[in-house]
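Student: start-v7.csv is reproduced in full below (CSV, C-alpha atoms).
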```csv
chain,number,residue,atom,x,y,z
H,4,MET,CA,19.4,1.1,10.4
H,5,LYS,CA,19.0,1.1,6.7
H,6,GLY,CA,16.0,-0.9,5.5
H,7,SER,CA,15.9,-3.8,3.0
H,8,GLY,CA,14.9,-1.4,0.2
H,9,HIS,CA,18.1,0.6,0.5
H,10,LYS,CA,20.5,0.3,-2.5
H,11,PRO,CA,23.9,-0.5,-1.1
H,12,SER,CA,26.7,2.0,-1.7
H,13,ILE,CA,30.3,0.7,-2.2
H,14,LEU,CA,33.5,2.6,-1.9
H,15,LEU,CA,36.2,1.3,-4.2
H,16,ILE,CA,39.7,2.1,-2.9
H,17,TYR,CA,42.5,1.8,-5.5
H,18,THR,CA,46.0,1.5,-3.9
H,19,GLY,CA,47.8,0.2,-7.0
H,20,GLY,CA,48.8,-3.1,-8.4
H,21,THR,CA,48.4,-5.1,-11.6
H,22,ILE,CA,44.6,-4.8,-11.7
H,23,GLY,CA,44.9,-1.0,-12.1
H,24,MET,CA,46.8,-1.2,-15.4
H,25,MET,CA,45.4,-0.8,-19.0
H,26,GLN,CA,47.1,-1.5,-22.2
H,27,ASN,CA,47.6,1.4,-24.5
H,28,LEU,CA,46.2,0.2,-27.9
H,29,ASN,CA,48.6,2.4,-29.8
H,30,THR,CA,51.9,1.6,-28.0
H,31,GLY,CA,51.1,-1.7,-26.3
H,32,ALA,CA,52.5,-0.3,-23.1
H,33,LEU,CA,50.7,-0.8,-19.7
H,34,GLU,CA,49.5,2.5,-18.2
H,35,PRO,CA,47.7,3.3,-15.0
H,36,PHE,CA,43.9,3.0,-15.2
H,37,ASP,CA,41.8,6.0,-14.3
H,38,PHE,CA,39.2,4.7,-12.0
H,39,ARG,CA,37.0,7.7,-12.6
H,40,ASP,CA,36.2,6.0,-15.9
H,41,LEU,CA,35.4,2.7,-14.2
H,42,LEU,CA,31.8,2.3,-15.6
H,43,LYS,CA,33.0,3.2,-19.1
H,44,HIS,CA,35.5,0.4,-19.2
H,45,ILE,CA,33.5,-2.1,-17.2
H,46,PRO,CA,29.9,-1.5,-18.1
H,47,ASP,CA,29.0,-4.8,-16.4
H,48,LEU,CA,29.0,-2.9,-13.1
H,49,ASN,CA,25.8,-1.2,-14.2
H,50,GLY,CA,24.1,-4.5,-13.7
H,51,LEU,CA,24.9,-4.7,-10.0
H,52,ASP,CA,22.2,-3.5,-7.6
H,53,CYS,CA,24.5,-1.0,-5.9
H,54,SER,CA,26.2,2.3,-6.4
H,55,VAL,CA,30.0,2.5,-6.7
H,56,SER,CA,32.2,5.4,-5.8
H,57,THR,CA,36.0,5.4,-6.2
H,58,ILE,CA,39.0,6.9,-4.5
H,59,SER,CA,42.6,6.3,-5.5
H,60,PHE,CA,46.0,6.8,-3.9
H,61,ASP,CA,47.5,9.9,-5.5
H,62,LYS,CA,50.5,7.8,-6.5
H,63,PRO,CA,49.5,4.1,-7.1
H,64,LEU,CA,51.8,1.7,-5.3
H,65,ASP,CA,53.3,-1.6,-6.4
H,66,SER,CA,52.4,-3.8,-3.5
H,67,SER,CA,56.1,-4.6,-2.9
H,68,ASP,CA,56.3,-0.9,-1.8
H,69,ILE,CA,53.4,-1.1,0.7
H,70,ASP,CA,54.3,-0.6,4.3
H,71,PRO,CA,52.5,0.0,7.6
H,72,LYS,CA,52.0,3.7,6.7
H,73,ASP,CA,50.0,2.6,3.8
H,74,TRP,CA,47.9,0.3,5.9
H,75,THR,CA,47.1,3.4,8.0
H,76,ARG,CA,46.1,5.4,4.9
H,77,ILE,CA,43.6,2.6,3.9
H,78,ALA,CA,42.3,2.4,7.5
H,79,HIS,CA,41.8,6.2,7.5
H,80,ILE,CA,39.9,6.2,4.2
H,81,ILE,CA,37.6,3.4,5.5
H,82,ALA,CA,37.1,5.1,8.9
H,83,ASP,CA,36.4,8.5,7.3
H,84,ASN,CA,33.8,7.1,5.0
H,85,TYR,CA,32.5,4.3,7.3
H,86,ILE,CA,29.0,5.9,7.9
H,87,GLN,CA,28.5,6.9,4.3
H,88,TYR,CA,29.1,3.5,2.7
H,89,ASP,CA,27.8,0.0,3.2
H,90,GLY,CA,30.9,-1.8,2.1
H,91,PHE,CA,34.5,-1.3,0.9
H,92,VAL,CA,36.5,-2.9,-1.9
H,93,VAL,CA,40.3,-2.4,-1.8
H,94,LEU,CA,42.2,-3.0,-5.0
H,95,HIS,CA,45.7,-4.0,-4.1
H,96,GLY,CA,48.7,-5.7,-5.7
H,97,THR,CA,48.9,-9.4,-5.0
H,98,ASP,CA,52.4,-9.7,-3.5
H,99,THR,CA,51.6,-8.2,-0.1
H,100,MET,CA,47.8,-8.4,-0.1
H,101,ALA,CA,47.7,-11.0,2.6
H,102,TYR,CA,49.8,-8.7,4.9
H,103,THR,CA,47.4,-5.7,4.3
H,104,ALA,CA,44.3,-7.8,4.8
H,105,SER,CA,45.7,-9.2,8.1
H,106,ALA,CA,46.7,-5.8,9.3
H,107,LEU,CA,43.3,-4.2,8.5
H,108,SER,CA,41.6,-7.1,10.3
H,109,PHE,CA,43.3,-5.9,13.6
H,110,MET,CA,43.3,-2.1,12.9
H,111,LEU,CA,39.5,-2.0,12.2
H,112,GLU,CA,38.2,-3.0,15.6
H,113,ASN,CA,34.4,-3.6,15.8
H,114,LEU,CA,34.1,-3.8,12.0
H,115,SER,CA,30.6,-4.7,11.0
H,116,LYS,CA,30.7,-4.0,7.3
H,117,PRO,CA,32.5,-5.8,4.5
H,118,VAL,CA,36.1,-4.8,3.5
H,119,ILE,CA,37.0,-7.0,0.5
H,120,LEU,CA,40.5,-6.9,-0.9
H,121,THR,CA,41.1,-8.1,-4.5
H,122,GLY,CA,43.4,-7.7,-7.4
H,123,SER,CA,44.5,-9.6,-10.4
H,124,GLN,CA,47.4,-11.5,-12.0
H,125,LEU,CA,46.8,-9.8,-15.4
H,126,PRO,CA,45.9,-6.1,-15.9
H,127,LEU,CA,42.3,-5.1,-16.5
H,128,GLY,CA,43.1,-4.0,-20.0
H,129,MET,CA,44.4,-7.4,-21.2
H,130,LEU,CA,42.2,-9.9,-23.1
H,131,ARG,CA,42.5,-12.8,-20.6
H,132,THR,CA,42.5,-10.7,-17.5
H,133,ASP,CA,41.2,-12.2,-14.2
H,134,GLY,CA,40.8,-8.6,-12.9
H,135,LYS,CA,37.3,-8.0,-14.3
H,136,GLU,CA,35.7,-11.0,-12.7
H,137,ASN,CA,37.6,-10.5,-9.4
H,138,LEU,CA,36.5,-6.8,-9.3
H,139,VAL,CA,32.8,-7.4,-10.2
H,140,THR,CA,32.4,-10.3,-7.8
H,141,ALA,CA,34.1,-8.5,-5.0
H,142,ILE,CA,31.7,-5.6,-5.4
H,143,GLU,CA,28.8,-7.9,-5.6
H,144,ILE,CA,29.8,-9.6,-2.3
H,145,ALA,CA,30.5,-6.3,-0.6
H,146,SER,CA,26.9,-5.2,-1.5
H,147,ALA,CA,25.3,-8.5,-0.5
H,148,ARG,CA,22.8,-8.3,2.4
H,149,ASP,CA,21.4,-10.7,4.9
H,150,GLY,CA,18.2,-9.0,5.8
H,151,ASP,CA,19.1,-5.6,7.1
H,152,LEU,CA,22.7,-6.5,7.8
H,153,PRO,CA,25.7,-7.0,5.4
H,154,MET,CA,26.3,-10.6,4.5
H,155,ILE,CA,30.0,-10.1,5.2
H,156,GLN,CA,31.2,-8.1,8.3
H,157,GLU,CA,34.9,-8.7,8.2
H,158,VAL,CA,38.1,-8.1,6.2
H,159,CYS,CA,38.4,-10.7,3.4
H,160,ILE,CA,40.3,-11.4,0.2
H,161,PHE,CA,38.4,-12.4,-2.9
H,162,PHE,CA,40.4,-14.1,-5.6
H,163,GLU,CA,39.5,-16.6,-8.4
H,164,ASN,CA,36.1,-17.7,-7.2
H,165,ASP,CA,36.8,-17.9,-3.5
H,166,LEU,CA,36.2,-15.4,-0.6
H,167,MET,CA,38.6,-16.0,2.2
H,168,ARG,CA,39.1,-14.5,5.7
H,169,GLY,CA,41.9,-12.0,5.2
H,170,ASN,CA,44.0,-12.9,8.2
H,171,ARG,CA,43.8,-16.6,7.2
H,172,THR,CA,45.1,-16.2,3.7
H,173,SER,CA,48.5,-16.4,2.0
H,174,LYS,CA,49.6,-15.9,-1.6
H,175,THR,CA,50.8,-19.3,-2.9
H,176,SER,CA,51.3,-18.8,-6.6
H,177,ALA,CA,53.1,-16.2,-8.7
H,178,ASP,CA,51.5,-17.2,-12.0
H,179,ASN,CA,48.2,-19.0,-11.4
H,180,PHE,CA,44.9,-17.3,-11.3
H,181,ASN,CA,44.1,-19.1,-8.1
H,182,ALA,CA,47.0,-17.3,-6.3
H,183,PHE,CA,45.6,-17.3,-2.8
H,184,HIS,CA,44.7,-20.1,-0.3
H,185,SER,CA,43.3,-20.3,3.2
H,186,TYR,CA,44.6,-23.6,4.3
H,187,ASN,CA,43.6,-23.6,8.0
H,188,TYR,CA,40.1,-22.1,7.7
H,189,PRO,CA,37.3,-22.8,5.2
H,190,VAL,CA,36.5,-20.4,2.4
H,191,LEU,CA,33.6,-18.0,3.3
H,192,ALA,CA,32.0,-18.1,-0.1
H,193,HIS,CA,32.5,-19.7,-3.5
H,194,ALA,CA,31.4,-17.9,-6.7
H,195,GLY,CA,30.3,-20.2,-9.4
H,196,ILE,CA,27.1,-19.7,-11.4
H,197,SER,CA,25.8,-18.2,-8.2
H,198,ILE,CA,27.6,-17.2,-5.0
H,199,HIS,CA,27.3,-19.7,-2.2
H,200,TYR,CA,28.0,-18.4,1.3
H,201,ASN,CA,29.5,-20.7,4.0
H,202,LEU,CA,27.3,-19.3,6.7
H,203,PRO,CA,28.6,-21.3,9.7
H,204,HIS,CA,32.1,-19.9,9.1
H,205,ILE,CA,31.3,-16.3,8.4
H,206,TYR,CA,32.0,-13.9,11.3
H,207,ARG,CA,29.0,-12.4,13.1
H,208,PRO,CA,29.6,-9.8,15.8
H,209,ILE,CA,27.8,-10.5,19.0
H,210,LEU,CA,27.3,-6.9,19.8
H,211,ARG,CA,27.1,-4.1,17.2
H,212,LYS,CA,29.6,-1.5,18.5
H,213,PRO,CA,30.9,1.6,16.7
H,214,LEU,CA,34.0,1.1,14.6
H,215,LYS,CA,37.1,1.7,16.6
H,216,PRO,CA,40.0,2.2,14.2
H,217,HIS,CA,43.6,2.0,15.1
H,218,PHE,CA,46.2,3.9,13.1
H,219,VAL,CA,49.6,3.0,14.7
H,220,CYS,CA,51.7,-0.1,13.9
H,221,ASP,CA,55.0,-0.7,15.6
H,222,ASP,CA,57.4,-2.0,13.0
H,223,HIS,CA,60.1,-3.2,15.4
H,224,ILE,CA,59.2,-6.8,14.4
H,225,VAL,CA,61.1,-9.3,12.4
H,226,ILE,CA,60.6,-12.8,10.8
H,227,LEU,CA,63.2,-15.4,11.6
H,228,LYS,CA,62.9,-18.4,9.3
H,229,LEU,CA,64.8,-21.5,10.4
H,230,PHE,CA,66.8,-23.6,8.0
H,231,PRO,CA,69.3,-26.4,8.3
H,232,GLY,CA,72.7,-25.0,8.9
H,233,ILE,CA,71.5,-21.6,10.3
H,234,SER,CA,74.5,-20.1,12.1
H,235,PRO,CA,74.7,-18.6,15.6
H,236,ILE,CA,75.9,-15.3,14.1
H,237,VAL,CA,72.7,-15.0,12.0
H,238,VAL,CA,70.4,-15.7,14.9
H,239,LYS,CA,72.3,-13.4,17.3
H,240,ASN,CA,72.4,-10.5,14.8
H,241,ILE,CA,68.7,-10.7,14.3
H,242,LEU,CA,67.8,-11.0,18.0
H,243,ASP,CA,70.3,-8.1,18.8
H,244,ILE,CA,68.6,-5.6,16.4
H,245,PRO,CA,68.2,-2.4,18.4
H,246,HIS,CA,64.7,-1.7,19.8
H,247,LEU,CA,63.5,-5.1,18.6
H,248,LYS,CA,60.1,-6.0,20.2
H,249,GLY,CA,58.8,-9.1,18.5
H,250,VAL,CA,59.9,-12.1,16.4
H,251,VAL,CA,57.9,-14.4,14.3
H,252,LEU,CA,59.9,-17.6,14.4
H,253,GLU,CA,59.1,-19.8,11.4
H,254,THR,CA,59.8,-23.4,12.7
H,255,TYR,CA,59.5,-26.8,11.2
H,256,GLY,CA,56.5,-29.1,11.2
H,257,SER,CA,54.3,-28.7,14.3
H,258,GLY,CA,56.7,-26.1,15.9
H,259,ASN,CA,60.0,-27.8,16.1
H,260,ALA,CA,63.4,-26.2,16.1
H,261,PRO,CA,67.1,-27.1,16.7
H,262,THR,CA,68.0,-28.1,20.2
H,263,ALA,CA,71.6,-26.8,20.1
H,264,SER,CA,72.4,-25.0,23.3
H,265,TRP,CA,73.6,-21.9,21.6
H,266,PHE,CA,70.2,-21.5,19.8
H,267,LEU,CA,68.1,-22.1,22.9
H,268,ASP,CA,70.3,-19.8,24.9
H,269,LEU,CA,69.9,-17.0,22.4
H,270,LEU,CA,66.1,-17.4,22.4
H,271,LYS,CA,66.0,-17.3,26.2
H,272,GLU,CA,68.2,-14.3,26.4
H,273,ALA,CA,65.9,-12.4,24.0
H,274,ALA,CA,62.8,-13.5,25.7
H,275,ASP,CA,64.2,-12.5,29.1
H,276,LYS,CA,64.8,-9.0,27.6
H,277,GLY,CA,61.1,-8.7,26.8
H,278,ILE,CA,61.2,-9.6,23.2
H,279,VAL,CA,58.0,-11.6,22.3
H,280,ILE,CA,58.9,-14.6,20.2
H,281,VAL,CA,55.9,-16.3,18.4
H,282,ASN,CA,56.3,-19.8,17.0
H,283,VAL,CA,54.5,-20.4,13.6
H,284,THR,CA,55.0,-23.3,11.3
H,285,GLN,CA,56.7,-23.1,7.9
H,286,CYS,CA,54.0,-25.5,6.6
H,287,HIS,CA,51.1,-24.2,4.6
H,288,THR,CA,48.6,-26.2,6.7
H,289,GLY,CA,48.5,-27.4,10.3
H,290,SER,CA,49.2,-25.9,13.7
H,291,VAL,CA,52.0,-25.4,16.1
H,292,GLU,CA,51.8,-27.9,19.0
H,293,MET,CA,54.8,-27.1,21.2
H,294,GLU,CA,54.0,-29.8,23.7
H,295,ARG,CA,53.9,-32.5,21.0
H,296,TYR,CA,57.7,-33.1,20.7
H,297,GLU,CA,60.6,-32.5,23.0
H,298,THR,CA,62.0,-29.8,20.6
H,299,GLY,CA,58.9,-27.8,21.0
H,300,CYS,CA,59.0,-28.1,24.7
H,301,HIS,CA,62.5,-26.7,24.8
H,302,LEU,CA,61.2,-23.6,22.9
H,303,SER,CA,58.4,-23.1,25.5
H,304,GLN,CA,60.9,-23.4,28.3
H,305,CYS,CA,62.9,-20.6,26.7
H,306,GLY,CA,59.9,-18.3,26.7
H,307,VAL,CA,58.7,-18.8,23.1
H,308,ILE,CA,54.9,-18.7,22.7
H,309,SER,CA,52.7,-20.6,20.3
H,310,GLY,CA,51.2,-18.9,17.2
H,311,TYR,CA,48.8,-21.9,16.8
H,312,ASP,CA,47.6,-22.1,13.2
H,313,SER,CA,48.4,-18.5,12.4
H,314,THR,CA,49.8,-17.5,9.1
H,315,THR,CA,53.1,-15.7,9.1
H,316,GLU,CA,51.4,-12.6,7.7
H,317,SER,CA,48.8,-12.6,10.5
H,318,ALA,CA,51.3,-13.2,13.3
H,319,LEU,CA,53.6,-10.4,12.0
H,320,THR,CA,50.8,-7.8,11.7
H,321,LYS,CA,49.2,-8.8,14.9
H,322,LEU,CA,52.5,-8.1,16.8
H,323,MET,CA,52.8,-4.8,15.0
H,324,HIS,CA,49.2,-3.9,16.0
H,325,LEU,CA,49.5,-4.9,19.6
H,326,PHE,CA,52.8,-3.1,20.2
H,327,GLY,CA,51.3,-0.2,18.3
H,328,LEU,CA,48.6,0.0,21.0
H,329,GLY,CA,51.4,0.6,23.6
H,330,LEU,CA,50.9,-2.7,25.3
H,331,ASN,CA,53.8,-4.2,27.4
H,332,THR,CA,55.4,-7.6,26.8
H,333,GLU,CA,53.1,-9.6,29.1
H,334,GLU,CA,50.0,-7.9,27.7
H,335,VAL,CA,51.1,-8.7,24.1
H,336,LYS,CA,51.7,-12.3,25.0
H,337,GLU,CA,48.3,-12.6,26.5
H,338,TYR,CA,46.6,-11.2,23.4
H,339,MET,CA,48.7,-13.3,21.1
H,340,ASN,CA,47.1,-16.3,22.8
H,341,CYS,CA,43.6,-14.9,22.0
H,342,SER,CA,41.7,-14.8,18.7
H,343,LEU,CA,41.0,-11.1,18.1
H,344,SER,CA,39.4,-11.4,14.7
H,345,GLY,CA,39.2,-15.0,13.8
H,346,GLU,CA,42.9,-15.3,13.0
H,347,ILE,CA,43.7,-18.4,15.0
H,348,SER,CA,42.0,-21.6,16.2
H,349,ILE,CA,42.6,-22.5,19.8
H,350,ALA,CA,41.5,-25.9,21.0
H,351,HIS,CA,40.2,-25.9,24.6
```
Any chance you could give the structure as structure tokens?

Tutor:
Amino acid sequence: MKGSGHKPSILLIYTGGTIGMMQNLNTGALEPFDFRDLLKHIPDLNGLDCSVSTISFDKPLDSSDIDPKDWTRIAHIIADNYIQYDGFVVLHGTDTMAYTASALSFMLENLSKPVILTGSQLPLGMLRTDGKENLVTAIEIASARDGDLPMIQEVCIFFENDLMRGNRTSKTSADNFNAFHSYNYPVLAHAGISIHYNLPHIYRPILRKPLKPHFVCDDHIVILKLFPGISPIVVKNILDIPHLKGVVLETYGSGNAPTASWFLDLLKEAADKGIVIVNVTQCHTGSVEMERYETGCHLSQCGVISGYDSTTESALTKLMHLFGLGLNTEEVKEYMNCSLSGEISIAH
């Protein structure tokens, strides 16, 4: 175990996104930022009590191009460097950051070091950028210690003053600096003049086990969002997708859906074929309570399972992870009803 006098070492992983762009002063065009020159462009980092190393994707990706293979690349980088570094900061485009954070929270089993994702709404090279503050604070949080242990030992997103559990977070704004929110779980830290940690809500592993990374995600999963007037042909075509294994069903309110016989019959037929259908709410806040109204009870009778207060991003990536482990339908259902890394709250 590294003693309290140890200077934390942080690995900065650049995948792409707005934060990695600089403005060419001659042409005005935005160009990719060379993170090997990080300290030259952001000398403030020299004031942090940590050492920072960088690694970048060979070809930076817009986050709209990120897919499960890229989650695996990030997980490999973290796993390969896990012993060498005390914490990890992943720079990522904002559009799919919540998906990546959720996926990594499941793929990095037994994680006991900080993995902080951040990005920006404006490029680092622009005058009013939020990228500099997000980057500096994310590194400071990743290097923070609680005695001999890291202050944070989970996958998080830091954005505009707030540190949030990664698998509880969704992007909620395309143009505000406070672009992310964690509606169903308190923020883990707030950065003002100083950084205040919400200690009761920060994950603490009961046993310190070696990191057990997982590198396979099964992408035979879809999201089915309900809307008034949805037609049988739409639902049937989605549920009949070849090799489909899981469906994130975005329902109304506390888990309600149409009671039309054709709809319920299609869901039951899919569930009977072994497709796992997880009920999550379209609302930003609140939880699915399938026993609360008759419509929810109908879904349960058809074999649909509750996603509780899970975000869509978390439910989707959790299904990908569980099926990627090679689990069968019943095993996946069982694990979907458990909190693997703080992604859902289940009242007992």

Student: Give me, as a list in words, all polymer residues having an atom no more than 10 Å from Thr175 (chain H), counting only C-alpha atoms and skipping those fewer than 4 positions away in the same chain.

Tutor: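 Contacts, with the query itself left out: Asp98, Asn179, Asn181, Ala182, Phe183, His184, Ser185 and His287 of chain H.
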
Student: So that I can check the surroundings of His204 (chain H), please list as a VMD selection string every protein, DNA and RNA residue that reaches within 9 Å of it, counting all atoms listed in the file and ignoring chain neighbours fewer than 2 positions away.

Tutor: chain H and resid 188 to 191 200 to 202 206

Student: Can you pull out the residues contacting Gly345 (chain H)? Cut-off 12 Å, using all atoms listed in the file, and skip same-chain residues under 4 positions away; I want them as a list in words.

Tutor: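 The residues that qualify are Ser105, Ser108, Phe109, Gln156, Glu157, Val158, Cys159, Met167, Arg168, Gly169, Asn170, Arg171, Thr172, Asn187, Tyr188, Pro189, His204, Ile205, Tyr206, Arg207, Pro208, Asp312, Ser313, Thr314, Ser317, Lys321, Cys341 and Ile349 of chain H.
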
Student: Rounded to one decimal place, report the CA of Asp73 (chain H)-CA of Ala141 (chain H) distance in Å.

Tutor: 21.3 Å

Student: Between H:Ile236, H:Leu127, H:Val335, H:Met110, which is the closest to Asp37 (chain H) once you count only C-alpha atoms?

Tutor: H:Leu127

Student: Which polymer residues have any atom within 9 Å of an atom of region 13-29 of chain H, counting all atoms listed in the file, with same-chain residues fewer than 2 positions away left out, as a PyMOL selection string?

Tutor: chain H and resi 11+31-38+53-66+73+77+80-81+84+88-98+121-129+132-135+138+142+145-146

Student: Calculate how many Å separate CA of Tyr102 (chain H) from CA of Phe180 (chain H), rounding to one decimal.

Tutor: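 The value is 19.0 Å.
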
Student: Determine the nearest neighbour of His199 (chain H) from the options H:Met293, H:Val118, H:Ile308, H:Ile144, counting only C-alpha atoms.

Tutor: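 The answer is H:Ile144, which sits nearest to His199 (chain H).
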
Student: Rounded to one decimal, what separation in Å do you get between CA of Ala177 (chain H) and CA of Glu316 (chain H)?

Tutor: 16.9 Å

Student: Identify which of the residues H:Asp222, H:Lys336, H:Glu294, H:Ser257 lies closest to Gly277 (chain H), counting all atoms listed in the file when measuring atom-to-atom distances.

Tutor: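 Comparing H:Asp222, H:Lys336, H:Glu294, H:Ser257 against Gly277 (chain H), the winner is H:Lys336.
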
Student: Around the point (62.7, -21.6, 16.4), in the coordinates given by the file, pick out the residues reaching within 9 Å, counting all atoms listed in the file, and return them as an NGL selection string.

Tutor: :H and (227-229 or 251-255 or 258-261 or 266-267 or 270 or 280-283 or 299 or 302 or 307)

Student: Which residue out of H:Ser12, H:Ser234, H:Asn49, H:Thr103 has the minimum interatomic distance to Leu319 (chain H) when all atoms listed in the file are used?

Tutor: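 Checking each candidate against Leu319 (chain H), we get H:Thr103 as the closest.
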
Student: So that I can check the surroundings of Asn164 (chain H), please list as number ranges by chain every protein, DNA and RNA residue that reaches within 6 Å of it, counting all atoms listed in the file and ignoring chain neighbours fewer than 2 positions away.

Tutor: H: 162, 193-194

Student: For the point (25.4, -8.7, 5.0) in file coordinates, what residues are within 6 Å, counting only C-alpha atoms? Give the answer as a list in words?

Tutor: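 The residues near that point, listed by chain and number, are Ala147, Arg148, Asp149, Leu152, Pro153, Met154 and Ile155 of chain H.
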
Student: Nearest to Thr315 (chain H) among H:Thr99, H:Leu242, H:Ala263, H:Leu328, with distances taken over all atoms listed in the file: which residue is it?

Tutor: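 Under the stated criterion, the closest residue is H:Thr99.
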
Student: My list of candidates is H:Gly256, H:Gly306, H:Ile198, H:Glu346. Which is closest to Ser290 (chain H) when distances are computed with only C-alpha atoms?

Tutor: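 Of H:Gly256, H:Gly306, H:Ile198, H:Glu346, the one nearest Ser290 (chain H), counting only C-alpha atoms, is H:Gly256.
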